[in-house]
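**Q** Data: run_20.cif, mmCIF, C-alpha atoms.
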data_protein
#
loop_
_atom_site.label_atom_id
_atom_site.label_comp_id
_atom_site.auth_asym_id
_atom_site.auth_seq_id
_atom_site.Cartn_x
_atom_site.Cartn_y
_atom_site.Cartn_z
CA MET N 1198 14.68 130.18 -27.18
CA ILE N 1199 14.04 126.69 -25.81
CA LEU N 1200 17.73 126.25 -25.03
CA PHE N 1201 17.83 129.60 -23.19
CA ALA N 1202 14.77 128.68 -21.10
CA TYR N 1203 16.33 125.31 -20.23
CA CYS N 1204 19.64 126.91 -19.16
CA ASN N 1205 17.84 129.51 -17.04
CA ALA N 1206 15.71 126.87 -15.33
CA ASN N 1207 18.79 124.75 -14.69
CA ALA N 1208 20.54 127.74 -13.10
CA GLN N 1209 17.55 128.28 -10.82
CA ASP N 1210 17.70 124.62 -9.76
CA ASN N 1211 21.39 124.95 -8.86
CA LEU N 1212 20.99 127.59 -6.19
CA PRO N 1213 23.54 127.24 -3.37
CA THR N 1214 22.33 125.37 -0.29
CA HIS N 1215 24.63 127.06 2.27
CA ALA N 1216 25.82 130.57 3.06
CA ILE N 1217 27.86 132.40 5.68
CA GLN N 1218 27.61 136.10 6.43
CA VAL N 1219 28.71 138.83 8.80
CA ILE N 1220 26.45 141.70 9.79
CA GLY N 1221 26.97 145.07 11.39
CA GLY N 1222 24.98 148.22 11.96
CA TYR N 1223 22.87 150.35 14.28
CA SER N 1224 20.82 149.24 17.28
CA LYS N 1225 18.69 150.98 19.89
CA HIS N 1226 18.20 149.45 23.32
CA GLY N 1227 14.63 150.00 24.44
CA SER N 1228 15.49 150.07 28.16
CA GLY N 1229 16.74 153.65 28.41
CA ASP N 1230 16.62 154.30 24.65
CA TYR N 1231 20.37 153.80 24.43
CA LYS N 1232 21.87 154.06 20.94
CA GLY N 1233 24.65 151.75 19.83
CA ILE N 1234 25.84 149.04 17.47
CA VAL N 1235 25.04 145.45 16.59
CA PHE N 1236 27.36 142.94 14.92
CA GLY N 1237 27.58 139.22 14.40
CA ALA N 1238 28.04 136.20 12.16
CA GLU N 1239 25.52 133.74 10.72
CA TYR N 1240 25.42 130.41 8.94
CA ILE N 1241 22.44 129.72 6.65
CA HIS N 1242 21.33 126.26 5.54
CA TYR N 1243 18.61 126.08 2.88
CA GLN N 1244 16.31 123.14 3.47
CA THR N 1245 14.46 123.80 0.20
CA ARG N 1246 14.63 126.56 -2.38
CA LYS N 1247 12.55 128.87 -0.18
CA LEU N 1248 12.89 127.50 3.37
CA SER N 1249 16.04 127.86 5.45
CA LEU N 1250 17.50 127.75 8.95
CA THR N 1251 19.92 130.46 10.13
CA TYR N 1252 22.25 129.85 13.08
CA SER N 1253 23.22 133.20 14.52
CA PHE N 1254 25.76 134.73 16.88
CA ARG N 1255 25.00 138.39 17.58
CA SER N 1256 26.14 141.09 19.98
CA THR N 1257 24.92 144.59 20.87
CA ILE N 1258 26.67 147.44 22.69
CA ASN N 1259 24.57 150.45 23.69
CA ASP N 1260 25.25 153.47 25.85
CA GLY N 1261 23.65 156.61 27.20
CA LYS N 1262 24.01 159.19 29.92
CA GLU N 1263 22.18 161.51 32.28
CA THR N 1264 23.81 164.88 31.59
CA ILE N 1265 24.71 166.75 34.77
CA ILE N 1266 26.80 169.92 34.57
CA VAL N 1267 27.82 171.50 37.86
CA HIS N 1268 28.61 175.22 37.73
CA ASN N 1269 30.88 176.69 40.37
CA THR N 1270 29.76 180.31 40.77
CA THR N 1271 32.81 181.14 42.90
CA THR N 1272 35.48 180.09 40.40
CA GLY N 1273 33.35 180.45 37.28
CA THR N 1274 34.16 176.91 36.17
CA SER N 1275 31.95 173.99 35.16
CA ASN N 1276 32.31 170.30 35.93
CA ASP N 1277 30.81 167.43 33.93
CA ALA N 1278 29.29 165.13 36.57
CA SER N 1279 27.13 163.15 34.12
CA ILE N 1280 26.10 159.58 34.90
CA ARG N 1281 27.16 157.25 32.08
CA PHE N 1282 25.54 153.91 31.27
CA THR N 1283 26.57 150.96 29.11
CA THR N 1284 24.52 147.88 28.28
CA ALA N 1285 26.09 145.06 26.26
CA GLY N 1286 24.92 141.57 25.39
CA VAL N 1287 25.76 138.48 23.37
CA GLN N 1288 23.25 135.95 22.08
CA LEU N 1289 22.99 132.67 20.21
CA GLY N 1290 19.89 131.80 18.21
CA VAL N 1291 18.26 130.04 15.31
CA ASN N 1292 15.82 131.49 12.78
CA GLY N 1293 13.44 129.87 10.35
CA GLY N 1294 13.39 131.77 7.07
CA LEU N 1295 11.06 132.05 4.08
CA SER N 1296 12.66 133.40 0.88
CA MET N 1297 9.78 135.17 -0.84
CA ILE N 1298 12.14 135.92 -3.74
CA ARG N 1299 15.22 133.82 -4.46
CA THR N 1300 17.17 133.79 -7.72
CA GLN N 1301 20.85 133.65 -8.62
CA ARG N 1302 21.06 137.41 -8.02
CA HIS N 1303 18.25 138.48 -5.68
CA GLU N 1304 16.87 137.25 -2.38
CA LEU N 1305 14.16 138.72 -0.14
CA MET N 1306 13.74 136.78 3.09
CA LEU N 1307 11.44 137.02 6.10
CA SER N 1308 12.54 135.10 9.19
CA LEU N 1309 11.43 134.47 12.76
CA GLY N 1310 13.53 132.93 15.48
CA ALA N 1311 14.44 132.40 19.12
CA PHE N 1312 17.64 133.08 21.05
CA GLY N 1313 19.33 132.92 24.42
CA ARG N 1314 21.02 136.13 25.57
CA TYR N 1315 23.58 137.10 28.22
CA GLN N 1316 23.55 140.81 29.08
CA SER N 1317 25.47 143.10 31.40
CA ALA N 1318 24.08 146.55 32.27
CA SER N 1319 26.13 149.05 34.28
CA ASN N 1320 23.05 150.19 36.20
CA GLY N 1321 20.98 147.03 36.02
CA SER N 1322 17.30 147.92 35.67
CA ASP N 1323 17.27 150.20 38.71
CA GLY N 1324 16.72 153.91 39.10
CA TYR N 1325 18.63 156.42 41.17
CA SER N 1326 18.10 159.69 43.01
CA LEU N 1327 19.89 163.00 42.44
CA TYR N 1328 20.67 165.42 45.28
CA TYR N 1329 21.61 168.92 44.19
CA PRO N 1330 23.86 171.45 45.99
CA GLN N 1331 20.84 173.52 47.03
CA VAL N 1332 19.72 170.59 49.21
CA THR N 1333 23.01 169.02 50.34
CA GLY N 1334 25.22 172.07 50.60
CA GLN N 1335 27.93 170.20 48.72
CA PRO N 1336 29.51 171.81 45.61
CA THR N 1337 28.48 168.90 43.38
CA VAL N 1338 25.54 166.64 42.57
CA LEU N 1339 25.29 163.52 44.73
CA VAL N 1340 23.80 160.30 43.35
CA GLY N 1341 21.92 157.79 45.46
CA TYR N 1342 21.65 154.22 44.11
CA ASP N 1343 19.27 151.49 45.22
CA ASN N 1344 20.57 148.37 43.46
CA ARG N 1345 17.84 145.75 43.59
CA THR N 1346 18.14 144.03 40.18
CA PRO N 1347 21.19 142.07 38.98
CA GLN N 1348 23.80 143.70 36.78
CA ASN N 1349 24.17 140.53 34.69
CA THR N 1350 21.16 138.66 33.31
CA PHE N 1351 20.28 135.64 31.17
CA ALA N 1352 17.17 135.82 29.01
CA PHE N 1353 15.30 134.04 26.22
CA GLY N 1354 13.69 135.97 23.43
CA GLY N 1355 12.30 136.14 19.93
CA ILE N 1356 13.38 138.05 16.84
CA GLY N 1357 11.77 138.93 13.51
CA GLN N 1358 13.76 140.21 10.57
CA LEU N 1359 13.48 141.09 6.91
CA TYR N 1360 16.44 141.31 4.58
CA TYR N 1361 17.41 141.65 0.96
CA ASN N 1362 20.62 140.34 -0.63
CA TYR N 1363 22.20 140.91 -4.02
CA THR N 1364 24.70 138.25 -5.15
CA PHE N 1365 27.71 138.94 -7.37
CA LYS N 1366 28.84 136.04 -9.61
CA CYS N 1367 26.70 133.63 -7.55
CA LYS N 1368 29.17 133.66 -4.66
CA PHE N 1369 29.60 136.91 -2.74
CA TYR N 1370 26.68 139.11 -1.80
CA LEU N 1371 25.77 142.37 -0.08
CA GLY N 1372 22.55 142.93 1.79
CA ILE N 1373 20.48 145.12 4.07
CA LEU N 1374 18.64 143.84 7.11
CA GLY N 1375 16.04 145.18 9.52
CA ALA N 1376 15.18 143.37 12.75
CA VAL N 1377 13.30 143.77 16.02
CA GLN N 1378 13.81 141.56 19.05
CA THR N 1379 12.46 141.30 22.57
CA ASP N 1380 13.21 138.98 25.48
CA THR N 1381 12.13 137.85 28.93
CA ASN N 1382 14.20 140.64 30.49
CA GLY N 1383 11.79 143.14 28.94
CA ASP N 1384 14.29 144.60 26.48
CA VAL N 1385 13.22 145.64 22.98
CA ILE N 1386 16.08 146.16 20.51
CA PRO N 1387 15.41 147.33 16.92
CA GLN N 1388 18.31 146.94 14.49
CA ALA N 1389 19.31 148.12 11.00
CA CYS N 1390 22.31 146.37 9.44
CA LEU N 1391 24.43 145.74 6.38
CA SER N 1392 25.50 142.20 5.59
CA VAL N 1393 28.36 140.71 3.59
CA GLY N 1394 28.27 137.02 2.76
CA ARG N 1395 29.29 134.16 0.53
CA ARG N 1396 27.16 131.41 -0.95
CA LEU N 1397 28.57 127.91 -0.58
#
Here is a file; write its structure as structure tokens.

**A**
Amino acid sequence: MILFAYCNANAQDNLPTHAIQVIGGYSKHGSGDYKGIVFGAEYIHYQTRKLSLTYSFRSTINDGKETIIVHNTTTGTSNDASIRFTTAGVQLGVNGGLSMIRTQRHELMLSLGAFGRYQSASNGSDGYSLYYPQVTGQPTVLVGYDNRTPQNTFAFGGIGQLYYNYTFKCKFYLGILGAVQTDTNGDVIPQACLSVGRRL
């Protein structure tokens, strides 16, 4: 019994101090409620058994549309004149993490961090006006743009995330991750991901 306790304690003391992982999953861009994906790669350095720093590269791609179907009553045909939007960004950041549970098999971590983000949005942050055939006399919907904000932006932001990992043979692990971020551009992006990593 004493020998078993010693071996178990020794295993706990020999937890890996580094890890790399890739993540991927679902994201929702708060500006326009655009659905999309998030993916990235991270390097984790454990300062102590419970405290760590995570260096992160992450990207999101989100899209949406304003559905506009134009019906031609003369020919009986319909035309899809929808306005389509895409917003994509890349960011670099660092998170400070607290592993509330950390053993050879299980880890539950809460982390907070900051990042810098470059983002490109097809419509910027501007609105637009729609002019229908009843008003214009044209057999389609006309769109009026008033582009006042930049299409490409740089922003700084903060992110909070909670994730759980299960390690196989003390090297490879699978995990789930939930995160919410916001930035100086006013964007809020919740995320739900899977992670695959390796302890080093």

**Q** May I ask which of the residues N:Ile1356, N:Val1338, N:Leu1391, N:Val1235 is the closest one to His1268 of chain N, counting all atoms listed in the file?

**A**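 Checking each of N:Ile1356, N:Val1338, N:Leu1391, N:Val1235 against His1268 of chain N, counting all atoms listed in the file, the winner is N:Val1338.
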
**Q** Could you check the closest approach to Ser1256 of chain N for each of N:Ile1386, N:Ala1311, N:Ile1373, N:Ser1319 and tell me which residue wins, using all atoms listed in the file?

**A**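 For Ser1256 of chain N, the nearest of the given residues is N:Ile1386.
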
**Q** Just checking: using only C-alpha atoms, which residue out of N:Ile1265, N:Cys1367, N:Leu1289, N:Leu1309 ends up closest to Leu1327 of chain N?

**A**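 For Leu1327 of chain N, the nearest of the given residues is N:Ile1265.
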
**Q** Report the closest atom pair, with its distance in Å rounded to one decimal, for each residue of segment 1235-1295 of chain N that has an atom no farther than 12 Å from segment 1299-1308 of chain N; count all atoms listed in the file, sort by chain and then rising residue number, and write it as JSON lines.

**A**
{"residue": "N:Ile1241", "atom": "CA", "partner": "N:Ser1308", "partner_atom": "CA", "distance": 11.6}
{"residue": "N:Tyr1243", "atom": "CA", "partner": "N:Arg1299", "partner_atom": "CA", "distance": 11.2}
{"residue": "N:Thr1245", "atom": "CA", "partner": "N:Arg1299", "partner_atom": "CA", "distance": 11.1}
{"residue": "N:Arg1246", "atom": "CA", "partner": "N:Arg1299", "partner_atom": "CA", "distance": 7.6}
{"residue": "N:Lys1247", "atom": "CA", "partner": "N:Arg1299", "partner_atom": "CA", "distance": 7.1}
{"residue": "N:Leu1248", "atom": "CA", "partner": "N:Met1306", "partner_atom": "CA", "distance": 9.3}
{"residue": "N:Ser1249", "atom": "CA", "partner": "N:Ser1308", "partner_atom": "CA", "distance": 8.9}
{"residue": "N:Leu1250", "atom": "CA", "partner": "N:Ser1308", "partner_atom": "CA", "distance": 8.9}
{"residue": "N:Thr1251", "atom": "CA", "partner": "N:Ser1308", "partner_atom": "CA", "distance": 8.8}
{"residue": "N:Tyr1252", "atom": "CA", "partner": "N:Ser1308", "partner_atom": "CA", "distance": 11.7}
{"residue": "N:Val1291", "atom": "CA", "partner": "N:Ser1308", "partner_atom": "CA", "distance": 9.8}
{"residue": "N:Asn1292", "atom": "CA", "partner": "N:Ser1308", "partner_atom": "CA", "distance": 6.1}
{"residue": "N:Gly1293", "atom": "CA", "partner": "N:Ser1308", "partner_atom": "CA", "distance": 5.4}
{"residue": "N:Gly1294", "atom": "CA", "partner": "N:Ser1308", "partner_atom": "CA", "distance": 4.0}
{"residue": "N:Leu1295", "atom": "CA", "partner": "N:Leu1307", "partner_atom": "CA", "distance": 5.4}

**Q** Can you spit out the residues from that selection as a CSV table (one decimal), in the frame of the given file, using C-alpha atoms?

**A**
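Done, and the output landed in again_7.csv:
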chain,number,residue,atom,x,y,z
N,1241,ILE,CA,22.4,129.7,6.6
N,1243,TYR,CA,18.6,126.1,2.9
N,1245,THR,CA,14.5,123.8,0.2
N,1246,ARG,CA,14.6,126.6,-2.4
N,1247,LYS,CA,12.6,128.9,-0.2
N,1248,LEU,CA,12.9,127.5,3.4
N,1249,SER,CA,16.0,127.9,5.4
N,1250,LEU,CA,17.5,127.8,9.0
N,1251,THR,CA,19.9,130.5,10.1
N,1252,TYR,CA,22.2,129.8,13.1
N,1291,VAL,CA,18.3,130.0,15.3
N,1292,ASN,CA,15.8,131.5,12.8
N,1293,GLY,CA,13.4,129.9,10.4
N,1294,GLY,CA,13.4,131.8,7.1
N,1295,LEU,CA,11.1,132.0,4.1

**Q** Which is closer to Gly1355 of chain N than all the others in N:Gly1221, N:Gly1394, N:Gly1324, N:Gly1313, using only C-alpha atoms?

**A**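 With only C-alpha atoms as the atom set, the closest residue is N:Gly1313.
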
**Q** Going by the chain IDs and residue numbers used in this file, which residues fall under the PyMOL selection byres ((chain N and resi 1385) around 12)? Write them as number ranges by chain.

**A** N: 1224-1231, 1257, 1354-1357, 1376-1384, 1386-1388

**Q** Would you write out, as a ChimeraX atom specification, every residue that the PyMOL selection byres ((chain N and resi 1237) around 8) captures in this file?

**A** /N:1219-1221,1235-1236,1238-1239,1253-1256

**Q** Please indicate the distance in Å from atom CA of Leu1374 of chain N to atom CA of Cys1390 of chain N, rounded to one decimal place.

**A**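 It comes out at 5.0 Å.
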
**Q** Kindly give the distance, in Å, that separates atom CA of Arg1396 of chain N and atom CA of Phe1312 of chain N, rounded to a single decimal.

**A** 24.0 Å
